[in-house]
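What follows is the content of run.cif, which has mmCIF, C-alpha atoms:
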```
data_protein
loop_
_atom_site.label_atom_id
_atom_site.label_comp_id
_atom_site.auth_asym_id
_atom_site.auth_seq_id
_atom_site.Cartn_x
_atom_site.Cartn_y
_atom_site.Cartn_z
CA MET D 1 -123.95 -198.64 -141.13
CA MET D 2 -121.22 -197.22 -138.93
CA ASP D 3 -118.25 -195.81 -140.84
CA TYR D 4 -114.99 -197.41 -139.73
CA THR D 5 -112.10 -199.27 -141.31
CA LEU D 6 -110.79 -202.42 -139.75
CA ARG D 7 -107.08 -203.04 -139.91
CA GLN D 8 -105.94 -205.81 -142.27
CA HIS D 9 -105.28 -208.34 -139.50
CA GLY D 10 -108.65 -207.78 -137.84
CA ARG D 11 -110.53 -207.97 -141.15
CA ALA D 12 -108.68 -211.07 -142.37
CA THR D 13 -109.10 -212.96 -139.09
CA LEU D 14 -112.83 -212.12 -138.96
CA ASP D 15 -113.23 -213.16 -142.60
CA PHE D 16 -111.59 -216.47 -141.68
CA LEU D 17 -114.35 -217.15 -139.17
CA SER D 18 -117.04 -216.77 -141.80
CA SER D 19 -115.37 -219.33 -144.07
CA PHE D 20 -116.41 -222.45 -142.25
CA SER D 21 -120.01 -222.78 -143.44
CA PRO D 22 -119.27 -224.44 -146.82
CA SER D 23 -117.02 -226.95 -145.05
CA ILE D 24 -119.61 -227.84 -142.43
CA ALA D 25 -122.41 -228.80 -144.86
CA PRO D 26 -120.65 -231.93 -146.19
CA LEU D 27 -119.79 -232.94 -142.62
CA MET D 28 -123.49 -232.77 -141.75
CA GLU D 29 -124.35 -234.86 -144.82
CA ASP D 30 -121.84 -237.53 -143.80
CA GLN D 31 -123.35 -237.64 -140.33
CA GLN D 32 -126.86 -238.01 -141.73
CA GLU D 33 -125.66 -240.87 -143.96
CA ALA D 34 -124.27 -242.62 -140.90
CA LEU D 35 -127.57 -242.20 -139.08
CA ASP D 36 -129.49 -243.46 -142.12
CA SER D 37 -127.20 -246.51 -142.34
CA ALA D 38 -127.81 -247.19 -138.66
CA GLY D 39 -131.57 -247.05 -139.26
CA LEU D 40 -132.07 -244.08 -136.92
CA ASN D 41 -135.09 -242.01 -137.94
CA ASP D 42 -138.40 -240.69 -136.62
CA GLU D 43 -139.77 -244.23 -136.28
CA THR D 44 -136.81 -245.69 -134.42
CA LEU D 45 -135.55 -242.74 -132.35
CA ALA D 46 -136.65 -242.35 -128.74
CA GLY D 47 -139.17 -239.73 -127.73
CA ASP D 48 -137.11 -238.75 -124.71
CA LEU D 49 -134.42 -236.27 -125.77
CA ASP D 50 -131.67 -237.68 -123.57
CA GLU D 51 -132.34 -241.27 -124.68
CA ARG D 52 -132.40 -240.05 -128.28
CA ALA D 53 -129.05 -238.31 -127.75
CA LYS D 54 -127.51 -241.58 -126.54
CA GLN D 55 -128.84 -243.43 -129.60
CA ILE D 56 -127.54 -240.83 -132.05
CA GLU D 57 -124.25 -239.97 -130.38
CA SER D 58 -123.25 -243.61 -129.95
CA VAL D 59 -123.37 -243.90 -133.75
CA LEU D 60 -121.83 -240.53 -134.52
CA ALA D 61 -118.94 -240.98 -132.08
CA LYS D 62 -117.46 -243.35 -134.65
CA VAL D 63 -117.91 -240.87 -137.53
CA PRO D 64 -114.89 -238.63 -138.26
CA ALA D 65 -117.20 -235.95 -139.72
CA PHE D 66 -118.90 -235.60 -136.32
CA ARG D 67 -115.61 -235.24 -134.47
CA THR D 68 -114.35 -232.73 -137.02
CA ALA D 69 -117.54 -230.66 -136.86
CA ASN D 70 -117.24 -230.62 -133.07
CA LEU D 71 -113.61 -229.49 -133.23
CA VAL D 72 -114.50 -226.67 -135.60
CA GLY D 73 -117.51 -225.74 -133.47
CA GLU D 74 -115.38 -225.58 -130.36
CA TRP D 75 -112.76 -223.42 -132.03
CA HIS D 76 -115.40 -221.11 -133.48
CA GLY D 77 -117.20 -220.86 -130.14
CA GLU D 78 -114.03 -219.98 -128.28
CA HIS D 79 -112.53 -217.61 -130.83
CA HIS D 80 -115.24 -215.54 -132.46
CA GLY D 81 -115.51 -213.14 -129.53
CA ARG D 82 -111.75 -212.98 -129.05
CA THR D 83 -111.10 -212.35 -132.74
CA ALA D 84 -113.68 -209.56 -132.86
CA ALA D 85 -112.32 -208.02 -129.64
CA ALA D 86 -108.79 -208.05 -131.08
CA ALA D 87 -110.05 -206.40 -134.28
CA PHE D 88 -111.73 -203.70 -132.14
CA GLU D 89 -108.52 -203.12 -130.14
CA GLU D 90 -106.70 -202.24 -133.38
CA ILE D 91 -109.07 -199.33 -134.08
CA LYS D 92 -110.46 -198.33 -130.69
CA GLU D 93 -108.59 -195.00 -130.53
CA GLU D 94 -110.13 -193.75 -133.74
CA LEU D 95 -113.58 -195.10 -132.73
CA ALA D 96 -113.63 -193.22 -129.41
CA PRO D 97 -114.65 -189.78 -130.76
CA TYR D 98 -117.14 -191.45 -133.10
CA PHE D 99 -118.73 -193.27 -130.16
CA GLU D 100 -118.95 -189.98 -128.28
CA LYS D 101 -120.60 -188.24 -131.22
CA LEU D 102 -123.18 -191.03 -131.67
CA ALA D 103 -124.14 -190.94 -127.99
CA SER D 104 -126.01 -187.72 -128.78
CA GLY D 105 -129.11 -187.45 -130.85
CA GLY D 106 -132.77 -188.34 -130.89
CA THR D 107 -132.19 -191.87 -129.56
CA THR D 108 -131.93 -191.69 -125.80
CA LEU D 109 -130.65 -194.25 -123.33
CA ALA D 110 -131.91 -194.42 -119.77
CA TYR D 111 -129.17 -196.19 -117.81
CA GLU D 112 -130.24 -197.86 -114.56
CA PRO D 113 -127.21 -198.14 -112.27
CA ASP D 114 -129.11 -200.27 -109.76
CA LEU D 115 -130.62 -202.66 -112.26
CA ASP D 116 -131.44 -205.94 -110.59
CA VAL D 117 -129.63 -208.28 -112.99
CA PRO D 118 -131.35 -211.68 -112.81
CA LYS D 119 -129.25 -214.70 -111.83
CA TYR D 120 -129.73 -216.47 -115.15
CA TRP D 121 -128.41 -213.56 -117.18
CA PRO D 122 -124.58 -213.56 -116.77
CA TYR D 123 -124.04 -216.56 -119.05
CA PRO D 124 -121.82 -216.58 -122.15
CA ILE D 125 -124.72 -216.89 -124.56
CA HIS D 126 -123.54 -218.07 -128.00
CA ARG D 127 -120.20 -218.80 -126.29
CA THR D 128 -119.45 -215.11 -126.85
CA THR D 129 -116.56 -214.50 -124.48
CA GLY D 130 -117.86 -212.98 -121.25
CA GLY D 131 -121.43 -212.75 -122.53
CA TRP D 132 -123.24 -209.63 -123.72
CA ASP D 133 -121.35 -207.40 -121.28
CA GLY D 134 -118.07 -209.30 -121.65
CA HIS D 135 -116.16 -206.17 -122.66
CA ARG D 136 -116.88 -202.52 -122.03
CA HIS D 137 -117.54 -202.16 -125.76
CA MET D 138 -119.15 -205.56 -126.35
CA GLY D 139 -121.97 -203.78 -128.12
CA PHE D 140 -119.64 -202.83 -130.97
CA ILE D 141 -117.59 -206.01 -130.73
CA HIS D 142 -120.56 -208.37 -130.93
CA GLY D 143 -123.40 -206.18 -132.18
CA GLU D 144 -121.38 -204.76 -135.05
CA LEU D 145 -118.31 -206.89 -135.79
CA VAL D 146 -119.60 -210.38 -135.01
CA HIS D 147 -123.02 -209.67 -136.55
CA ARG D 148 -121.67 -208.02 -139.70
CA TYR D 149 -118.57 -210.08 -140.39
CA ILE D 150 -119.63 -213.51 -139.14
CA VAL D 151 -123.35 -214.01 -138.43
CA SER D 152 -124.61 -212.21 -141.50
CA LYS D 153 -122.37 -214.37 -143.68
CA ALA D 154 -123.34 -217.68 -142.05
CA THR D 155 -125.99 -220.10 -143.19
CA LYS D 156 -129.17 -220.69 -141.21
CA PRO D 157 -129.20 -223.65 -138.82
CA PRO D 158 -130.12 -227.01 -140.43
CA ALA D 159 -133.58 -226.94 -138.81
CA ALA D 160 -134.22 -223.61 -140.57
CA GLY D 161 -133.21 -224.74 -144.04
CA GLY D 162 -129.43 -224.35 -143.93
CA LYS D 163 -129.48 -221.62 -146.56
CA ALA D 164 -127.56 -218.32 -146.66
CA THR D 165 -129.07 -215.86 -144.25
CA ASP D 166 -129.85 -212.16 -144.42
CA ILE D 167 -130.29 -211.29 -140.78
CA TYR D 168 -131.58 -207.80 -141.54
CA ALA D 169 -134.14 -208.82 -144.18
CA ASP D 170 -135.33 -211.66 -141.93
CA ARG D 171 -136.11 -209.16 -139.19
CA LYS D 172 -137.97 -206.80 -141.47
CA ASN D 173 -140.00 -209.66 -142.90
CA PHE D 174 -140.93 -210.67 -139.38
CA ALA D 175 -141.90 -207.15 -138.28
CA GLU D 176 -144.26 -207.05 -141.26
CA GLN D 177 -146.19 -210.00 -139.76
CA ALA D 178 -147.74 -207.63 -137.20
CA PRO D 179 -151.46 -207.30 -138.02
CA ARG D 180 -151.49 -203.48 -137.95
CA ARG D 181 -149.35 -200.60 -139.15
CA ASP D 182 -150.85 -197.82 -137.02
CA TYR D 183 -149.36 -198.56 -133.61
CA ALA D 184 -148.64 -195.38 -131.68
CA HIS D 185 -146.13 -197.11 -129.39
CA VAL D 186 -144.07 -200.20 -130.21
CA VAL D 187 -142.04 -201.87 -127.46
CA GLU D 188 -139.21 -204.28 -128.19
CA ILE D 189 -137.62 -206.35 -125.45
CA GLY D 190 -134.10 -207.77 -125.58
CA CYS D 191 -133.14 -205.33 -128.33
CA SER D 192 -129.37 -205.85 -127.97
CA SER D 193 -127.58 -203.57 -130.49
CA GLY D 194 -130.75 -202.72 -132.38
CA PRO D 195 -130.90 -204.91 -135.52
CA TYR D 196 -134.64 -205.63 -135.07
CA THR D 197 -135.28 -202.14 -133.69
CA MET D 198 -134.00 -200.76 -136.98
CA GLN D 199 -136.50 -202.84 -138.96
CA LEU D 200 -139.35 -201.90 -136.58
CA ALA D 201 -138.55 -198.25 -137.31
CA GLU D 202 -138.80 -198.96 -141.02
CA VAL D 203 -142.06 -200.91 -140.84
CA PHE D 204 -143.70 -198.55 -138.30
CA PRO D 205 -142.24 -195.14 -139.20
CA GLU D 206 -144.92 -193.20 -137.30
CA ALA D 207 -144.63 -195.16 -134.06
CA LYS D 208 -142.76 -194.20 -130.93
CA ILE D 209 -140.32 -197.05 -130.37
CA SER D 210 -139.12 -198.11 -126.96
CA ALA D 211 -136.62 -200.92 -126.58
CA CYS D 212 -135.04 -202.49 -123.55
CA ASP D 213 -132.13 -204.76 -122.72
CA ILE D 214 -130.21 -205.80 -119.63
CA SER D 215 -126.82 -205.26 -121.34
CA ILE D 216 -125.71 -201.63 -121.18
CA ALA D 217 -122.89 -202.43 -123.66
CA GLN D 218 -125.41 -203.62 -126.25
CA LEU D 219 -127.75 -200.68 -125.57
CA GLU D 220 -124.90 -198.22 -126.16
CA GLN D 221 -124.39 -199.76 -129.59
CA ALA D 222 -128.16 -199.61 -130.21
CA GLN D 223 -128.03 -195.90 -129.37
CA ARG D 224 -125.18 -195.38 -131.87
CA ASN D 225 -127.15 -197.22 -134.55
CA GLY D 226 -130.33 -195.29 -133.76
CA ASN D 227 -128.62 -191.89 -133.84
CA LEU D 228 -126.69 -192.74 -136.98
CA ALA D 229 -129.97 -193.49 -138.74
CA GLY D 230 -131.66 -190.37 -137.35
CA HIS D 231 -134.15 -192.28 -135.21
CA SER D 232 -135.59 -191.27 -131.84
CA TRP D 233 -135.76 -194.54 -129.99
CA ASN D 234 -136.40 -194.62 -126.29
CA LEU D 235 -133.82 -197.14 -125.05
CA LEU D 236 -134.31 -198.53 -121.57
CA HIS D 237 -131.74 -200.34 -119.46
CA ALA D 238 -134.30 -202.76 -118.11
CA ASP D 239 -135.37 -206.37 -117.78
CA GLY D 240 -138.07 -207.45 -120.24
CA CYS D 241 -140.02 -208.80 -117.25
CA ALA D 242 -140.05 -205.35 -115.62
CA THR D 243 -139.78 -202.68 -118.28
CA GLY D 244 -141.07 -199.88 -116.06
CA LEU D 245 -143.56 -198.87 -118.76
CA ASP D 246 -147.07 -197.84 -117.78
CA ASP D 247 -149.97 -200.27 -117.89
CA ASP D 248 -151.86 -200.29 -121.20
CA SER D 249 -149.24 -198.12 -122.87
CA CYS D 250 -148.27 -199.86 -126.10
CA GLY D 251 -149.91 -201.35 -129.15
CA LEU D 252 -147.19 -203.84 -130.11
CA PHE D 253 -144.94 -205.75 -127.68
CA THR D 254 -142.36 -207.62 -129.67
CA SER D 255 -139.01 -209.37 -129.77
CA TYR D 256 -136.87 -211.27 -132.25
CA ILE D 257 -134.83 -214.40 -131.54
CA LEU D 258 -134.93 -213.83 -127.78
CA LEU D 259 -137.14 -216.42 -126.11
CA HIS D 260 -134.77 -219.36 -126.61
CA GLU D 261 -132.23 -217.43 -124.51
CA LEU D 262 -134.57 -217.20 -121.51
CA PRO D 263 -135.49 -219.74 -118.84
CA VAL D 264 -139.13 -220.81 -119.01
CA LYS D 265 -140.03 -218.87 -115.84
CA VAL D 266 -138.55 -215.72 -117.36
CA ILE D 267 -140.51 -216.27 -120.58
CA GLU D 268 -143.63 -216.36 -118.44
CA GLY D 269 -142.49 -213.12 -116.80
CA VAL D 270 -142.00 -211.50 -120.18
CA LEU D 271 -145.42 -212.65 -121.44
CA ARG D 272 -147.10 -211.27 -118.30
CA GLU D 273 -145.21 -208.00 -118.66
CA GLY D 274 -146.37 -207.82 -122.26
CA PHE D 275 -149.98 -208.39 -121.17
CA ARG D 276 -149.68 -205.64 -118.59
CA ALA D 277 -148.01 -203.11 -120.89
CA LEU D 278 -150.22 -203.73 -123.92
CA GLU D 279 -153.32 -201.65 -124.36
CA SER D 280 -156.61 -203.42 -124.94
CA GLY D 281 -156.53 -204.80 -128.49
CA GLY D 282 -152.74 -204.66 -128.55
CA ASP D 283 -150.58 -207.35 -130.13
CA LEU D 284 -147.77 -209.47 -128.74
CA LEU D 285 -145.49 -210.70 -131.51
CA PHE D 286 -142.37 -212.74 -130.82
CA GLY D 287 -140.21 -214.40 -133.46
CA ASP D 288 -137.89 -217.19 -132.47
CA VAL D 289 -136.73 -220.70 -133.23
CA ALA D 290 -139.10 -223.58 -133.90
CA PRO D 291 -140.28 -225.76 -131.02
CA TYR D 292 -138.81 -229.24 -131.03
CA ASN D 293 -142.14 -230.89 -131.88
CA ALA D 294 -142.11 -229.03 -135.22
CA LEU D 295 -138.80 -230.64 -136.16
CA SER D 296 -137.90 -234.17 -137.11
CA LYS D 297 -136.49 -236.17 -134.22
CA THR D 298 -133.03 -235.91 -135.75
CA GLY D 299 -133.51 -232.19 -136.33
CA ALA D 300 -134.55 -231.70 -132.72
CA TRP D 301 -131.52 -233.66 -131.50
CA ARG D 302 -129.23 -231.62 -133.76
CA THR D 303 -130.72 -228.36 -132.49
CA ASP D 304 -130.50 -229.53 -128.88
CA TYR D 305 -126.89 -230.66 -129.32
CA MET D 306 -125.84 -227.39 -130.92
CA ALA D 307 -127.65 -225.48 -128.17
CA THR D 308 -125.97 -227.48 -125.41
CA TYR D 309 -122.46 -226.82 -126.68
CA GLY D 310 -123.17 -223.54 -128.47
CA GLY D 311 -123.86 -221.49 -125.35
CA GLU D 312 -127.66 -221.79 -125.27
CA PRO D 313 -128.55 -223.37 -121.94
CA PHE D 314 -132.24 -222.41 -122.04
CA TRP D 315 -133.09 -223.46 -125.58
CA ARG D 316 -134.50 -226.87 -124.70
CA GLY D 317 -136.88 -225.47 -122.09
CA SER D 318 -138.23 -222.74 -124.35
CA SER D 319 -138.60 -225.18 -127.26
CA THR D 320 -140.57 -227.76 -125.30
CA MET D 321 -142.86 -225.55 -123.19
CA ASP D 322 -146.59 -225.17 -123.69
CA MET D 323 -146.45 -221.64 -125.04
CA VAL D 324 -150.03 -221.57 -126.30
CA GLY D 325 -151.40 -222.87 -123.00
CA LEU D 326 -149.42 -220.31 -121.03
CA MET D 327 -150.46 -217.41 -123.23
CA GLU D 328 -154.12 -218.39 -122.98
CA GLU D 329 -153.80 -218.76 -119.22
CA ILE D 330 -152.37 -215.23 -119.01
CA GLY D 331 -155.34 -213.97 -121.00
CA PHE D 332 -154.15 -213.59 -124.58
CA VAL D 333 -156.65 -214.45 -127.30
CA ASP D 334 -156.32 -215.36 -130.98
CA VAL D 335 -153.06 -217.08 -130.05
CA LYS D 336 -150.95 -218.24 -132.97
CA TYR D 337 -147.85 -220.41 -132.66
CA GLU D 338 -146.59 -221.30 -136.12
CA GLY D 339 -143.58 -221.31 -138.39
CA MET D 340 -143.07 -218.83 -141.21
CA PRO D 341 -142.67 -220.40 -144.61
CA PRO D 342 -140.75 -221.82 -146.27
CA ASN D 343 -138.58 -223.26 -143.48
CA ASN D 344 -140.57 -222.61 -140.32
CA TYR D 345 -138.14 -219.79 -139.52
CA PRO D 346 -138.65 -217.71 -137.56
CA TRP D 347 -141.34 -219.30 -135.44
CA LEU D 348 -144.12 -216.82 -134.80
CA THR D 349 -145.71 -216.46 -131.37
CA TYR D 350 -148.68 -214.11 -131.42
CA GLY D 351 -151.45 -213.15 -129.05
CA ARG D 352 -153.86 -210.24 -128.67
CA LYS D 353 -154.83 -208.60 -125.42
CA PRO D 354 -158.61 -208.46 -125.46
CA MET L 1 -58.72 -224.09 -135.63
CA ALA L 2 -59.89 -226.74 -138.15
CA ASP L 3 -57.56 -229.41 -136.64
CA ARG L 4 -59.01 -229.11 -133.11
CA LYS L 5 -61.02 -232.19 -132.16
CA THR L 6 -64.48 -231.89 -130.65
CA TYR L 7 -66.36 -234.51 -128.63
CA PRO L 8 -70.11 -234.25 -129.29
CA ALA L 9 -72.36 -236.02 -126.82
CA THR L 10 -73.14 -239.60 -127.72
CA LYS L 11 -75.64 -240.42 -125.02
CA LYS L 12 -79.32 -239.73 -125.47
CA PRO L 13 -80.97 -237.45 -122.87
CA ARG L 14 -83.92 -238.53 -120.78
CA LYS L 15 -87.16 -237.47 -122.40
CA ARG L 16 -90.58 -237.02 -120.90
CA GLU L 17 -94.04 -237.34 -122.30
CA ALA L 18 -95.91 -234.09 -122.61
CA LEU L 19 -99.35 -234.26 -124.19
CA ARG L 20 -101.82 -236.96 -123.30
CA PRO L 21 -104.74 -238.25 -125.34
CA GLU L 22 -107.00 -235.79 -123.54
CA ASP L 23 -104.88 -232.96 -125.00
CA MET L 24 -105.83 -233.90 -128.55
CA ASP L 25 -108.67 -231.38 -128.78
CA LYS L 26 -106.40 -228.58 -127.63
CA LEU L 27 -103.92 -229.54 -130.33
CA GLY L 28 -106.73 -229.32 -132.85
CA GLN L 29 -107.60 -225.87 -131.55
CA ALA L 30 -103.96 -224.79 -131.93
CA ILE L 31 -103.93 -226.00 -135.53
CA LEU L 32 -107.02 -223.93 -136.33
CA SER L 33 -105.57 -220.84 -134.63
CA LEU L 34 -102.39 -221.24 -136.64
CA THR L 35 -104.45 -221.59 -139.79
CA GLN L 36 -106.21 -218.33 -138.96
CA GLU L 37 -102.89 -216.54 -138.63
CA LEU L 38 -101.55 -218.17 -141.78
CA TRP L 39 -104.63 -216.87 -143.56
CA ALA L 40 -103.91 -213.35 -142.23
CA VAL L 41 -100.43 -213.54 -143.77
CA LYS L 42 -101.74 -214.83 -147.13
CA ASP L 43 -104.39 -212.12 -147.11
CA ARG L 44 -101.70 -209.50 -146.45
CA GLN L 45 -99.63 -210.85 -149.35
CA ALA L 46 -102.61 -210.53 -151.68
CA VAL L 47 -103.34 -207.00 -150.44
CA THR L 48 -99.67 -206.06 -150.86
CA GLU L 49 -99.74 -207.14 -154.51
CA VAL L 50 -102.92 -205.17 -155.17
CA ILE L 51 -101.54 -202.02 -153.59
CA LEU L 52 -98.30 -202.33 -155.51
CA LYS L 53 -100.30 -202.63 -158.70
CA GLU L 54 -102.32 -199.53 -157.80
CA ARG L 55 -99.01 -197.69 -157.45
CA GLY L 56 -97.81 -198.82 -160.82
CA ILE L 57 -95.84 -201.88 -159.76
CA ASP L 58 -97.79 -204.87 -161.07
CA ILE L 59 -95.82 -207.89 -159.95
CA ARG L 60 -98.52 -210.52 -159.57
CA GLU L 61 -98.03 -212.13 -162.98
CA ALA L 62 -94.29 -211.90 -162.50
CA ILE L 63 -94.58 -213.73 -159.18
CA ASP L 64 -96.89 -216.38 -160.63
CA THR L 65 -94.64 -217.14 -163.60
CA HIS L 66 -91.28 -216.57 -161.99
CA LYS L 67 -88.73 -219.29 -162.68
CA PRO L 68 -86.14 -219.26 -159.93
CA ASP L 69 -82.64 -219.13 -161.30
CA ALA L 70 -80.14 -221.71 -160.16
CA ASP L 71 -79.03 -219.69 -157.14
CA LEU L 72 -82.56 -218.98 -155.89
CA GLU L 73 -83.64 -222.57 -156.58
CA ALA L 74 -80.71 -223.84 -154.58
CA GLN L 75 -81.54 -221.56 -151.65
CA LEU L 76 -85.25 -222.37 -151.81
CA ALA L 77 -84.44 -226.09 -151.90
CA LEU L 78 -82.26 -225.78 -148.80
CA ASP L 79 -84.89 -223.75 -146.86
CA ARG L 80 -87.72 -226.02 -148.00
CA GLN L 81 -85.86 -229.17 -147.03
CA ALA L 82 -84.95 -227.69 -143.66
CA LEU L 83 -88.62 -226.95 -142.94
CA VAL L 84 -89.75 -230.43 -144.02
CA THR L 85 -86.98 -232.08 -142.02
CA LYS L 86 -87.97 -230.10 -138.94
CA ILE L 87 -91.61 -231.14 -139.13
CA VAL L 88 -90.81 -234.79 -139.90
CA GLN L 89 -88.41 -234.89 -136.95
CA ASP L 90 -91.14 -233.48 -134.72
CA ILE L 91 -93.64 -236.07 -135.89
CA THR L 92 -91.24 -239.03 -135.56
CA GLY L 93 -89.75 -237.68 -132.35
CA GLU L 94 -86.26 -238.49 -133.55
CA TYR L 95 -83.76 -235.64 -133.87
CA GLY L 96 -80.29 -235.98 -135.32
CA PRO L 97 -77.19 -234.25 -134.06
CA LEU L 98 -76.53 -230.58 -134.74
CA GLU L 99 -74.94 -230.01 -138.10
#
```
As structure tokens - that is how I would like this structure written.
Amino acid sequence: MMDYTLRQHGRATLDFLSSFSPSIAPLMEDQQEALDSAGLNDETLAGDLDERAKQIESVLAKVPAFRTANLVGEWHGEHHGRTAAAAFEEIKEELAPYFEKLASGGTTLAYEPDLDVPKYWPYPIHRTTGGWDGHRHMGFIHGELVHRYIVSKATKPPAAGGKATDIYADRKNFAEQAPRRDYAHVVEIGCSSGPYTMQLAEVFPEAKISACDISIAQLEQAQRNGNLAGHSWNLLHADGCATGLDDDSCGLFTSYILLHELPVKVIEGVLREGFRALESGGDLLFGDVAPYNALSKTGAWRTDYMATYGGEPFWRGSSTMDMVGLMEEIGFVDVKYEGMPPNNYPWLTYGRKP
Amino acid sequence: MADRKTYPATKKPRKREALRPEDMDKLGQAILSLTQELWAVKDRQAVTEVILKERGIDIREAIDTHKPDADLEAQLALDRQALVTKIVQDITGEYGPLE
């Protein structure tokens, strides 16, 4: 972990943001009680998501717990990025030489000044202010401060069990689902600041690891993390649909909690890029959120509602697409599309290139 | 100067409405932001007490069990009442004359 000391105000205000989880759980229980009293369940709720939303929200609009949860969600969405950015501002002078030092080392970063940034990409995903490149040092602000002080202290979403989360252990556990350990070259797409990359390095210590992202701010933080840990990652400023890697050049093409942030057409682009870059017999392994048909109707509505207002405009599309059909059409075999126990989280998407 | 007569205003000024029902959410946001800053102050108070203790000045128990003497109690009562009065005036929208 990077060595820095937040100032008291920055630390206290970030800690404040991580304190909401215990207050939200009872609000969710009250909402479920209201839905139960109204007789809304898998038998009575509509199949169509928008019709279902009208049924549920017309009941919940009268429930104070729903309005309160929305108020807190709005405040959290608007302020987590700002609070973390303010905490960074308090210590940025002392971080500057540290950032410079960590830009050197075995982990390299190939910056592409003329990267063709796709139209869907500049969106404030997660409501993080300005998106992944919302600040010159958003990699540290989001990838370090928001992840460490807020996300890692939050509970999992209701559809994933609602329990306390360990975002680093979750990623390692997922990396271990790969069928082999002897990959010579592992490619991760959408690596952001490197939390999954770090676990890939631990699970596949002999592999060359390449990782790409469209956000240069996040990649810079990934480089710091890689060099701090003594790794030699090959970081690419590239779109996961066009990594620039050679055909048949990797044994594992993987990502973690990425697909729900991509439009369906882009997911197809990523899958095709994976098929191209994988060598024969190579594995594609993506971990993400459960598709809606694996959730209860209420759970799917809840997920869809949180996605709509939580800065996840592509979640519904990715969670309702025919992933298995598309992967088989592209040519993957032995396709698996299943949840990891005990809470179907993450959802595993696997295919092998014959 | 005590025998000079003053003539405070007796008419009420024209008032306008500010926030509308659609501003309610923003008010809620402001309350949460204030709570965040209040927390930062409470956190700083706790840290201050810990650091004082580390430097040999352990005042936490003394603060917790302190019984204000008559003078401090009188001052606290005045300040406390002034704060409560201010907030109640804001909520009712009725303000008395300057004292």
Considering all atoms listed in the file, extract the chain D residues located within 12 Å of chain L and return them as a ChimeraX atom specification. /D:7-20,67-80,82-83
For those residues, write C-alpha atoms to a file as a PDB file, in the frame of the given file.
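The result, written out as part_12.pdb:
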```pdb
ATOM      1  CA  ARG D   7    -107.080-203.040-139.910  1.00  0.00           C
ATOM      2  CA  GLN D   8    -105.940-205.810-142.270  1.00  0.00           C
ATOM      3  CA  HIS D   9    -105.280-208.340-139.500  1.00  0.00           C
ATOM      4  CA  GLY D  10    -108.650-207.780-137.840  1.00  0.00           C
ATOM      5  CA  ARG D  11    -110.530-207.970-141.150  1.00  0.00           C
ATOM      6  CA  ALA D  12    -108.680-211.070-142.370  1.00  0.00           C
ATOM      7  CA  THR D  13    -109.100-212.960-139.090  1.00  0.00           C
ATOM      8  CA  LEU D  14    -112.830-212.120-138.960  1.00  0.00           C
ATOM      9  CA  ASP D  15    -113.230-213.160-142.600  1.00  0.00           C
ATOM     10  CA  PHE D  16    -111.590-216.470-141.680  1.00  0.00           C
ATOM     11  CA  LEU D  17    -114.350-217.150-139.170  1.00  0.00           C
ATOM     12  CA  SER D  18    -117.040-216.770-141.800  1.00  0.00           C
ATOM     13  CA  SER D  19    -115.370-219.330-144.070  1.00  0.00           C
ATOM     14  CA  PHE D  20    -116.410-222.450-142.250  1.00  0.00           C
ATOM     15  CA  ARG D  67    -115.610-235.240-134.470  1.00  0.00           C
ATOM     16  CA  THR D  68    -114.350-232.730-137.020  1.00  0.00           C
ATOM     17  CA  ALA D  69    -117.540-230.660-136.860  1.00  0.00           C
ATOM     18  CA  ASN D  70    -117.240-230.620-133.070  1.00  0.00           C
ATOM     19  CA  LEU D  71    -113.610-229.490-133.230  1.00  0.00           C
ATOM     20  CA  VAL D  72    -114.500-226.670-135.600  1.00  0.00           C
ATOM     21  CA  GLY D  73    -117.510-225.740-133.470  1.00  0.00           C
ATOM     22  CA  GLU D  74    -115.380-225.580-130.360  1.00  0.00           C
ATOM     23  CA  TRP D  75    -112.760-223.420-132.030  1.00  0.00           C
ATOM     24  CA  HIS D  76    -115.400-221.110-133.480  1.00  0.00           C
ATOM     25  CA  GLY D  77    -117.200-220.860-130.140  1.00  0.00           C
ATOM     26  CA  GLU D  78    -114.030-219.980-128.280  1.00  0.00           C
ATOM     27  CA  HIS D  79    -112.530-217.610-130.830  1.00  0.00           C
ATOM     28  CA  HIS D  80    -115.240-215.540-132.460  1.00  0.00           C
ATOM     29  CA  ARG D  82    -111.750-212.980-129.050  1.00  0.00           C
ATOM     30  CA  THR D  83    -111.100-212.350-132.740  1.00  0.00           C
TER      31      THR D  83
END
```
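Interatomic distance, CA of Leu49 (chain D) against CA of Gly311 (chain D): 18.2 Å.
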Which residues, written as a PyMOL selection string, have at least one atom at most 7 Å from Asn227 (chain D), with only C-alpha atoms counted and residues fewer than 6 positions away on the same chain left out? chain D and resi 102+105-107
Suppose a student applies the PyMOL selection byres ((chain D and resi 123-135) around 7) to this structure; what residues should they get, written as a VMD selection string? chain D and resid 77 to 78 81 to 82 120 to 122 136 to 138 215 217 to 218 310 to 312
Take every atom of region 251-262 of chain D listed in the file, fit an axis-aligned box around them, add 3 Å per side, and give the centre and edge lengths in Å to one decimal as lines of an AutoDock Vina configuration file.
```
center_x = -141.1
center_y = -210.4
center_z = -126.9
size_x = 23.7
size_y = 24.0
size_z = 16.7
```
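From CA of Arg181 (chain D) back to CA of Ala207 (chain D), the distance works out to 8.8 Å.
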Hey, can you check how far CA of Val324 (chain D) sits from CA of Pro354 (chain D)?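 Separation of CA of Val324 (chain D) and CA of Pro354 (chain D): 15.7 Å.
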Which residues, written as a list in words, have at least one atom at most 9 Å from Gly240 (chain D), with all atoms listed in the file counted and residues fewer than 5 positions away on the same chain left out?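 The neighbour list is Glu188, Ile189, Gly190, Cys212, Asp213, Ile214, Val266, Gly269, Val270, Glu273 and Gly274 of chain D.
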